[in-house]
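J.: Encoded as C-alpha cells, here's the structure I'll be asking about.
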Amino acid sequence: MSKKRVISWIFQLIVASVLLPIGWGKLIANPGSVTLFTQLGMEPSGRIIIGVLEVLVGLFMLSNTLSAIGAILANAIMLGAIIAHCTVLGFEFQGDGGKHVLLLTLVILSSLAILGIRRKQLPFFGKHLD
Amino acid sequence: MASQLTINLEKLSRISNTAIPLLAILFGILGYYVSFYYHFLTVAFCMLSALNFFYRHIQKSHALLRNFGILAQIRYILESVGPEFRQYLYSSDTEEKPFNRIERGEVYKKAKGMDSTMAFGSQHDYDSDEIKLRHSMFPMDSNKVEKFSLTFGEERSCKNAFTMHKPVIVSAMSYGALSSPAVRSIARGARLSGTLMNTGEGGWPKYHLMENCDLIFQMGTAKFGVRNEDSSLNDEKLEKLASLDQIKMIEIKFSQGAKPGKGGLLPKEKITEEISHLRGVPMGRDVVSPAYHIECINPEETVKFIRRVQEVSGLPVGIKFCFGREIEFRKLIICMKNQNTFPDYISIDGGEGGTGAAPKPFMDDVGMPLFKALPIVIGILAQEGVRDKVKLLCAGKLINAGKQLMAMSLGADAVYTARGFLLALGCIQALQCNNNTCPVGITSHLEHLSRGIDIDKKSQRVANYANHLEHDHIELLSAMGMSSHRELTPGNIYIPQGFLV
C-alpha cells in the first residue's frame, strides 16, 4: 500500500469513528439529538435522514472505492452542521464546551484530506481535479 | 426561425455561473426564515459554487471548464460514456474497427456452437474492391476433402519434424499480455481441438504448459525465458526449454505487425510479481523489448543465428516478421541460399495485426498489409527458387474461414489468428488490453476481473471455434472443387484491380 493511501486510511478511520456513533445515536433517538433536532424544527424526519446519511458515510469510509464519495458527503453534512451552529444552535451546545464544534472541524479537515488524496477517484469530476 | 431555436451555450453558462451562488444564498435565507430543511439545498449549491469557483479560477488544465464552469462538465460526462453508447446503440453492424459487430458475431456464434447462417443478403459492400473466393461449377464431395496436414522441418530432415493437423494456429499471446485463466482457457481449448498454439514472448510459458497442448515457443527480441542479462541467447536455457515434450517448434520474432521495427511492450500496470519473475524484468516500469535481436545485425549474422537456434534446440525453427522492404528480404533469402540454411517456416505478420499495447503511430502507419505483402514474399521466394525450402504462415485479422482461405490461396501454408481466439473466449472489443482493466478479464491481472473467466466453459468455446473453422474450411474447399488445401492457388480468388499478385 502506498504512503498516501495509508494516510488516507488514517483519516478515513477518524471520520468513521466520529460519524458512526453520532449517526447511530440519531437513529436510536438519543435524547440529546432529539433536543437538537427539535430546536432545528426537523424532529423526527430530519434526524432520521441525517442519521442514515452519517451512518452511510461512516461505512463508506471503510472502503477503498467509496471513501472519496464519502468524503464529499461528509463535507456536505458538516456544512449543514456549521449552518445549524451559526444560525440556530450557537457555538456551545448543551453545555459541552464546544465539543460538538471541535468534532465537526476534525471531520471537515479529515475529509478534506481524504478528498485531496483520492480526488481522482471521484466519478466524472475526478479526472479534472489536477 | 432557426436562430430563435438555437441555444446560446455561452449565455447559458454565464447564467448558471451567476445563478449557482445566488441560489445558495436564496436557499440559505429560506432555511433561516422558513424551514431548516431548505438547508439541504443550501449545502448542495454551496458545494457546487465551490466546485465552479475551482473550475473557473484555480485549475488551469482545461480551458473549457475555465471559461464556462460547471456547465462544460456535461461535455466531459457525455464524452466519457461515448464509446459504450456508440458500441451498444449507435454504431451500425458494419462500422466498428478493427472488427465490426457482424465479424465478432460470427466468431461468438461459432464459439457457442450456434447456427451462424444469415438472411437476406451480404452486409458487405459487395461491389467494392474486396477479394472474393472463386467457387467451382463442379464442387467436390466434402467427404472427399483431405484432412489438413503440414509437416515442419521435413525439408532438412529435422529429427523432430512436427506435423500439424489444423490449418489455423493460435497466434502469439503471452502470459502478461493475457491473464492466467485466459491463457489456460485457450491452451486447454487448443488441446481439446488439436490446435497448435504460440506462446508469445512472455518468458517461461508456465500457464501454456499447464494444459498440455502443442506449443510453438516464441523468442522475442528480449528473449524472455532464454536470455542472458544483455538480451543475448542463452543456449543452455533454450536447450532445456526445447527438451520439453510440448514445445514442438521455436519461433524467432523479428517484428510484429502491430508495431514493426519496435520491440514488444508490456505496460507497467500489467507487471505482477509473477510476471516480473517469469520474464526476469523489474516491476514498476514498462518493459520495452529491444527493437532487434542483438545477434542479428545483418543478413549473414541473422542466418547464422537461425542455424544456431536450429542446432541448439533440435526443433523446427521459424521466423516471424512484418514485411517492410523487398530488397532486405531478398538479401536475407540470398544469404540463406549462400549458407544453405533456411528457417523451417516464415511467418508474415500483416500491418493490421493486433497487440496488447503499441504506440499509435506504429499501429496505424507502419508495416505492409498482409494481402499486399504475401504475393511479394511468394514472388521473391519463387524467383530465388526456394519456395519449397520453407513453409509460409501468415497473420493479420484472419478470423474467419473465408479470409483464411484467401490468404492460403495467395500462398500461405497455414494461418495464425490471435484475436479470433480472443473473441471466442469472450472478448467484447473494449480496447482496454493495455490498461489492465479488461472488463471480461482476458487481459487483466486484477483478480476481480479475471475471475470472470471459467476455464472449463471458455476452453470449450475456444475448441468449438477451432473445430468450426476447420469445418468451414472443408465446406469452402469443396465449394471450390478442391480436395485439399495444397491445391489452392491465386487463381482461386477474384482480385479486383489494385492488388499485386
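Residue names in the C-alpha cells use chain letters A, B, ... in the order shown, residue numbers from 1 in each chain, and ligand numbers from 1 in the order shown.
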What's the 10 Å shell around Cys335 of chain B, counting only C-alpha atoms, without same-chain residues fewer than 2 positions away, as a list in words?

T.: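 The contact residues come out as Asn298, Pro299, Glu300, Glu301, Thr302, Val303, Lys304, Phe329, Arg330, Lys331, Leu332, Ile333, Lys337, Asn338, Gln339, Asn340, Thr341 and Phe342 of chain B.
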
J.: If the cut-off is 8 Å, can you tell me the residues of chain B near chain A, counting only C-alpha atoms? I'd like them as a ChimeraX atom specification.

T.: /B:32,35-37,39-40,43-44,47,59,61-62,73,76-77,80

J.: From a backbone DSSP assignment, name each residue in segment 271-304 of chain B labelled helix (DSSP H, G or I), as a list in words.

T.: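 Matching residues for helix (DSSP H, G or I) in segment 271-304 of chain B are Glu273, Glu274, Ile275, Ser276, His277, Leu278, Arg279, Pro299, Glu300, Glu301, Thr302, Val303 and Lys304 of chain B.
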
J.: Save out the residues we just selected, all heavy atoms, as an mmCIF file, in the first residue's frame.

T.:
data_model
loop_
_atom_site.group_PDB
_atom_site.id
_atom_site.type_symbol
_atom_site.label_atom_id
_atom_site.label_comp_id
_atom_site.auth_asym_id
_atom_site.auth_seq_id
_atom_site.Cartn_x
_atom_site.Cartn_y
_atom_site.Cartn_z
ATOM 1 N N GLU B 273 4.178 -9.533 -9.734
ATOM 2 C CA GLU B 273 5.414 -10.126 -9.227
ATOM 3 C C GLU B 273 5.775 -11.388 -10.027
ATOM 4 O O GLU B 273 6.924 -11.608 -10.388
ATOM 5 C CB GLU B 273 5.204 -10.488 -7.755
ATOM 6 C CG GLU B 273 6.465 -10.389 -6.936
ATOM 7 C CD GLU B 273 6.123 -10.423 -5.457
ATOM 8 O OE1 GLU B 273 5.381 -9.538 -4.984
ATOM 9 O OE2 GLU B 273 6.584 -11.355 -4.806
ATOM 10 N N GLU B 274 4.739 -12.181 -10.322
ATOM 11 C CA GLU B 274 4.966 -13.428 -11.051
ATOM 12 C C GLU B 274 5.510 -13.161 -12.457
ATOM 13 O O GLU B 274 6.455 -13.814 -12.908
ATOM 14 C CB GLU B 274 3.651 -14.210 -11.136
ATOM 15 C CG GLU B 274 3.855 -15.586 -11.719
ATOM 16 C CD GLU B 274 2.544 -16.355 -11.793
ATOM 17 O OE1 GLU B 274 1.476 -15.708 -11.840
ATOM 18 O OE2 GLU B 274 2.614 -17.587 -11.813
ATOM 19 N N ILE B 275 4.919 -12.176 -13.137
ATOM 20 C CA ILE B 275 5.366 -11.863 -14.488
ATOM 21 C C ILE B 275 6.800 -11.357 -14.460
ATOM 22 O O ILE B 275 7.628 -11.734 -15.300
ATOM 23 C CB ILE B 275 4.425 -10.825 -15.128
ATOM 24 C CG1 ILE B 275 3.066 -11.468 -15.386
ATOM 25 C CG2 ILE B 275 4.997 -10.285 -16.434
ATOM 26 C CD1 ILE B 275 1.983 -10.502 -15.755
ATOM 27 N N SER B 276 7.110 -10.526 -13.471
ATOM 28 C CA SER B 276 8.480 -9.994 -13.410
ATOM 29 C C SER B 276 9.452 -11.152 -13.179
ATOM 30 O O SER B 276 10.561 -11.156 -13.700
ATOM 31 C CB SER B 276 8.593 -8.918 -12.344
ATOM 32 O OG SER B 276 8.957 -9.444 -11.115
ATOM 33 N N HIS B 277 9.014 -12.168 -12.433
ATOM 34 C CA HIS B 277 9.873 -13.327 -12.199
ATOM 35 C C HIS B 277 10.012 -14.180 -13.474
ATOM 36 O O HIS B 277 11.120 -14.545 -13.871
ATOM 37 C CB HIS B 277 9.297 -14.160 -11.051
ATOM 38 C CG HIS B 277 9.976 -15.483 -10.881
ATOM 39 N ND1 HIS B 277 11.261 -15.578 -10.392
ATOM 40 C CD2 HIS B 277 9.577 -16.741 -11.160
ATOM 41 C CE1 HIS B 277 11.606 -16.853 -10.375
ATOM 42 N NE2 HIS B 277 10.599 -17.585 -10.845
ATOM 43 N N LEU B 278 8.872 -14.456 -14.138
ATOM 44 C CA LEU B 278 8.914 -15.327 -15.329
ATOM 45 C C LEU B 278 9.714 -14.696 -16.469
ATOM 46 O O LEU B 278 10.323 -15.379 -17.275
ATOM 47 C CB LEU B 278 7.492 -15.630 -15.812
ATOM 48 C CG LEU B 278 6.669 -16.593 -14.949
ATOM 49 C CD1 LEU B 278 5.259 -16.706 -15.461
ATOM 50 C CD2 LEU B 278 7.315 -17.968 -14.915
ATOM 51 N N ARG B 279 9.662 -13.370 -16.544
ATOM 52 C CA ARG B 279 10.383 -12.707 -17.629
ATOM 53 C C ARG B 279 11.778 -12.250 -17.230
ATOM 54 O O ARG B 279 12.579 -11.888 -18.077
ATOM 55 C CB ARG B 279 9.600 -11.472 -18.105
ATOM 56 C CG ARG B 279 8.258 -11.830 -18.687
ATOM 57 C CD ARG B 279 7.706 -10.711 -19.542
ATOM 58 N NE ARG B 279 6.409 -11.098 -20.065
ATOM 59 C CZ ARG B 279 5.830 -10.576 -21.123
ATOM 60 N NH1 ARG B 279 6.431 -9.598 -21.781
ATOM 61 N NH2 ARG B 279 4.663 -10.981 -21.537
ATOM 62 N N PRO B 299 22.113 -9.518 -42.606
ATOM 63 C CA PRO B 299 21.546 -10.785 -43.088
ATOM 64 C C PRO B 299 22.433 -11.997 -42.773
ATOM 65 O O PRO B 299 21.924 -13.038 -42.329
ATOM 66 C CB PRO B 299 21.433 -10.573 -44.600
ATOM 67 C CG PRO B 299 21.343 -9.107 -44.784
ATOM 68 C CD PRO B 299 22.149 -8.499 -43.682
ATOM 69 N N GLU B 300 23.747 -11.857 -42.926
ATOM 70 C CA GLU B 300 24.631 -13.011 -42.698
ATOM 71 C C GLU B 300 24.515 -13.505 -41.256
ATOM 72 O O GLU B 300 24.346 -14.708 -40.995
ATOM 73 C CB GLU B 300 26.111 -12.645 -42.971
ATOM 74 C CG GLU B 300 26.462 -12.386 -44.422
ATOM 75 C CD GLU B 300 26.046 -10.994 -44.891
ATOM 76 O OE1 GLU B 300 25.815 -10.122 -44.023
ATOM 77 O OE2 GLU B 300 25.932 -10.780 -46.119
ATOM 78 N N GLU B 301 24.624 -12.551 -40.319
ATOM 79 C CA GLU B 301 24.553 -12.924 -38.904
ATOM 80 C C GLU B 301 23.191 -13.503 -38.572
ATOM 81 O O GLU B 301 23.068 -14.413 -37.751
ATOM 82 C CB GLU B 301 24.838 -11.698 -38.017
ATOM 83 C CG GLU B 301 26.239 -11.129 -38.157
ATOM 84 C CD GLU B 301 27.307 -12.161 -37.770
ATOM 85 O OE1 GLU B 301 27.099 -12.878 -36.769
ATOM 86 O OE2 GLU B 301 28.326 -12.265 -38.485
ATOM 87 N N THR B 302 22.158 -12.960 -39.217
ATOM 88 C CA THR B 302 20.804 -13.437 -38.952
ATOM 89 C C THR B 302 20.669 -14.904 -39.335
ATOM 90 O O THR B 302 20.121 -15.715 -38.576
ATOM 91 C CB THR B 302 19.782 -12.595 -39.742
ATOM 92 O OG1 THR B 302 19.982 -11.234 -39.397
ATOM 93 C CG2 THR B 302 18.365 -12.999 -39.430
ATOM 94 N N VAL B 303 21.191 -15.254 -40.508
ATOM 95 C CA VAL B 303 21.088 -16.639 -40.948
ATOM 96 C C VAL B 303 21.898 -17.547 -40.023
ATOM 97 O O VAL B 303 21.456 -18.643 -39.648
ATOM 98 C CB VAL B 303 21.560 -16.779 -42.417
ATOM 99 C CG1 VAL B 303 21.511 -18.238 -42.850
ATOM 100 C CG2 VAL B 303 20.698 -15.925 -43.324
ATOM 101 N N LYS B 304 23.075 -17.042 -39.586
ATOM 102 C CA LYS B 304 23.887 -17.828 -38.640
ATOM 103 C C LYS B 304 23.106 -18.066 -37.355
ATOM 104 O O LYS B 304 23.143 -19.153 -36.771
ATOM 105 C CB LYS B 304 25.187 -17.079 -38.311
ATOM 106 C CG LYS B 304 26.285 -17.307 -39.321
ATOM 107 C CD LYS B 304 27.554 -16.621 -38.855
ATOM 108 C CE LYS B 304 28.480 -16.400 -40.044
ATOM 109 N NZ LYS B 304 29.440 -15.317 -39.807
#

J.: Between atom CA of Gly318 of chain B and atom CA of Glu155 of chain B, what is the spacing in Å?

T.: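 That distance, rounded to one decimal, is 12.8 Å.
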
J.: Using only C-alpha atoms, which protein or nucleic acid residues come within 10 Å of Leu66 of chain A? Drop anything in the same chain fewer than 3 positions from it, and give the result as a PyMOL selection string.

T.: chain A and resi 57+59-63+69-71+118+121-122

J.: Keeping all heavy atoms for every residue in the selection just given, could you write it to a file as a JSON list (two decimals), in the first residue's frame?

T.:
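As a result, result-v6.json now contains:
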[["chain", "number", "residue", "atom", "x", "y", "z"],
["A", 57, "VAL", "N", -22.14, 7.35, 5.43],
["A", 57, "VAL", "CA", -20.82, 7.92, 5.17],
["A", 57, "VAL", "C", -19.76, 7.22, 6.02],
["A", 57, "VAL", "O", -18.67, 6.91, 5.53],
["A", 57, "VAL", "CB", -20.83, 9.44, 5.44],
["A", 57, "VAL", "CG1", -19.42, 10.00, 5.39],
["A", 57, "VAL", "CG2", -21.71, 10.14, 4.44],
["A", 59, "LEU", "N", -19.77, 4.19, 6.92],
["A", 59, "LEU", "CA", -19.47, 2.90, 6.29],
["A", 59, "LEU", "C", -18.66, 3.10, 4.99],
["A", 59, "LEU", "O", -17.73, 2.34, 4.71],
["A", 59, "LEU", "CB", -20.77, 2.15, 5.98],
["A", 59, "LEU", "CG", -21.56, 1.69, 7.21],
["A", 59, "LEU", "CD1", -22.88, 1.04, 6.81],
["A", 59, "LEU", "CD2", -20.73, 0.72, 8.05],
["A", 60, "PHE", "N", -19.01, 4.13, 4.24],
["A", 60, "PHE", "CA", -18.25, 4.44, 3.01],
["A", 60, "PHE", "C", -16.77, 4.61, 3.32],
["A", 60, "PHE", "O", -15.90, 4.28, 2.54],
["A", 60, "PHE", "CB", -18.76, 5.73, 2.36],
["A", 60, "PHE", "CG", -20.01, 5.55, 1.54],
["A", 60, "PHE", "CD1", -20.77, 4.40, 1.62],
["A", 60, "PHE", "CD2", -20.44, 6.56, 0.68],
["A", 60, "PHE", "CE1", -21.92, 4.23, 0.88],
["A", 60, "PHE", "CE2", -21.59, 6.40, -0.09],
["A", 60, "PHE", "CZ", -22.33, 5.24, 0.02],
["A", 61, "MET", "N", -16.50, 5.18, 4.50],
["A", 61, "MET", "CA", -15.12, 5.47, 4.87],
["A", 61, "MET", "C", -14.29, 4.19, 5.02],
["A", 61, "MET", "O", -13.08, 4.23, 5.05],
["A", 61, "MET", "CB", -15.09, 6.24, 6.19],
["A", 61, "MET", "CG", -15.47, 7.69, 6.03],
["A", 61, "MET", "SD", -14.29, 8.47, 4.96],
["A", 61, "MET", "CE", -15.28, 9.73, 4.21],
["A", 62, "LEU", "N", -14.97, 3.05, 5.17],
["A", 62, "LEU", "CA", -14.24, 1.81, 5.37],
["A", 62, "LEU", "C", -14.01, 1.09, 4.05],
["A", 62, "LEU", "O", -13.74, -0.11, 4.02],
["A", 62, "LEU", "CB", -15.03, 0.90, 6.33],
["A", 62, "LEU", "CG", -15.37, 1.57, 7.67],
["A", 62, "LEU", "CD1", -16.21, 0.64, 8.53],
["A", 62, "LEU", "CD2", -14.10, 1.96, 8.42],
["A", 63, "SER", "N", -14.12, 1.83, 2.94],
["A", 63, "SER", "CA", -13.94, 1.19, 1.64],
["A", 63, "SER", "C", -12.96, 2.01, 0.80],
["A", 63, "SER", "O", -12.93, 3.24, 0.88],
["A", 63, "SER", "CB", -15.29, 1.08, 0.94],
["A", 63, "SER", "OG", -15.17, 1.38, -0.42],
["A", 69, "ILE", "N", -16.26, 9.48, -2.44],
["A", 69, "ILE", "CA", -17.64, 9.97, -2.43],
["A", 69, "ILE", "C", -18.09, 10.24, -0.99],
["A", 69, "ILE", "O", -18.73, 11.25, -0.69],
["A", 69, "ILE", "CB", -18.58, 8.94, -3.08],
["A", 69, "ILE", "CG1", -18.17, 8.73, -4.54],
["A", 69, "ILE", "CG2", -20.03, 9.36, -2.99],
["A", 69, "ILE", "CD1", -18.88, 7.58, -5.22],
["A", 70, "GLY", "N", -17.67, 9.35, -0.09],
["A", 70, "GLY", "CA", -17.99, 9.53, 1.33],
["A", 70, "GLY", "C", -17.46, 10.85, 1.85],
["A", 70, "GLY", "O", -18.14, 11.55, 2.61],
["A", 71, "ALA", "N", -16.25, 11.22, 1.42],
["A", 71, "ALA", "CA", -15.65, 12.47, 1.91],
["A", 71, "ALA", "C", -16.46, 13.68, 1.44],
["A", 71, "ALA", "O", -16.63, 14.65, 2.17],
["A", 71, "ALA", "CB", -14.21, 12.57, 1.43],
["A", 118, "ARG", "N", -7.67, 11.38, -2.64],
["A", 118, "ARG", "CA", -8.43, 10.48, -3.50],
["A", 118, "ARG", "C", -9.30, 11.20, -4.53],
["A", 118, "ARG", "O", -10.20, 10.59, -5.11],
["A", 118, "ARG", "CB", -9.35, 9.60, -2.64],
["A", 118, "ARG", "CG", -8.60, 8.62, -1.75],
["A", 118, "ARG", "CD", -9.60, 7.74, -1.04],
["A", 118, "ARG", "NE", -8.99, 6.79, -0.14],
["A", 118, "ARG", "CZ", -8.68, 5.53, -0.48],
["A", 118, "ARG", "NH1", -8.91, 5.12, -1.70],
["A", 118, "ARG", "NH2", -8.14, 4.72, 0.40],
["A", 121, "GLN", "N", -10.47, 9.67, -7.79],
["A", 121, "GLN", "CA", -11.43, 8.55, -7.82],
["A", 121, "GLN", "C", -12.86, 9.00, -8.01],
["A", 121, "GLN", "O", -13.74, 8.18, -8.24],
["A", 121, "GLN", "CB", -11.35, 7.78, -6.50],
["A", 121, "GLN", "CG", -10.08, 6.98, -6.33],
["A", 121, "GLN", "CD", -10.08, 6.23, -5.01],
["A", 121, "GLN", "OE1", -11.07, 6.20, -4.30],
["A", 121, "GLN", "NE2", -8.95, 5.62, -4.69],
["A", 122, "LEU", "N", -13.10, 10.32, -7.87],
["A", 122, "LEU", "CA", -14.49, 10.78, -7.98],
["A", 122, "LEU", "C", -15.02, 10.53, -9.39],
["A", 122, "LEU", "O", -14.31, 10.75, -10.37],
["A", 122, "LEU", "CB", -14.56, 12.29, -7.68],
["A", 122, "LEU", "CG", -14.36, 12.67, -6.22],
["A", 122, "LEU", "CD1", -14.26, 14.18, -6.10],
["A", 122, "LEU", "CD2", -15.50, 12.14, -5.37]]

J.: If we count only C-alpha atoms and set the cut-off at 10 Å, which residues sit around Glu251 of chain B, ignoring sequence neighbours fewer than 2 positions away in its own chain? Please answer as a PyMOL selection string.

T.: chain B and resi 172+198-201+216-220+249+253-254+306+309+316-320+343-347

J.: Would you list the contacts of segment 23-33 of chain A as a PyMOL selection string, taking every protein, DNA or RNA residue within 7 Å and counting only C-alpha atoms, but skipping same-chain residues closer than 3 positions in sequence?

T.: chain A and resi 19-20+36-37+47-48+51-52+54-55

J.: Between B:Asp349, B:Asp454, B:Asp214, B:Glu328, which one has atoms that come closest to Asp245 of chain B, using only C-alpha atoms?

T.: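 Selected residue with least distance to Asp245 of chain B: B:Asp214.
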
J.: Determine the nearest neighbour of Ile108 of chain A from the options A:Ala74, A:Leu56, A:Ile49, A:Cys86, counting only C-alpha atoms.

T.: A:Ala74

J.: When you look at Met210 of chain B with a cut-off of 8 Å (counting only C-alpha atoms), what residues show up, excluding the ones that are within fewer than 3 positions of it in the same chain? I need them as an mmCIF file with C-alpha atoms, in the first residue's frame.

T.:
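Wrote it out as around30.cif, contents follow:
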data_model
loop_
_atom_site.group_PDB
_atom_site.id
_atom_site.type_symbol
_atom_site.label_atom_id
_atom_site.label_comp_id
_atom_site.auth_asym_id
_atom_site.auth_seq_id
_atom_site.Cartn_x
_atom_site.Cartn_y
_atom_site.Cartn_z
ATOM 1 C CA ARG B 184 -5.146 -21.605 -19.745
ATOM 2 C CA LYS B 206 4.220 -21.667 -17.276
ATOM 3 C CA TYR B 207 0.483 -21.426 -17.918
#
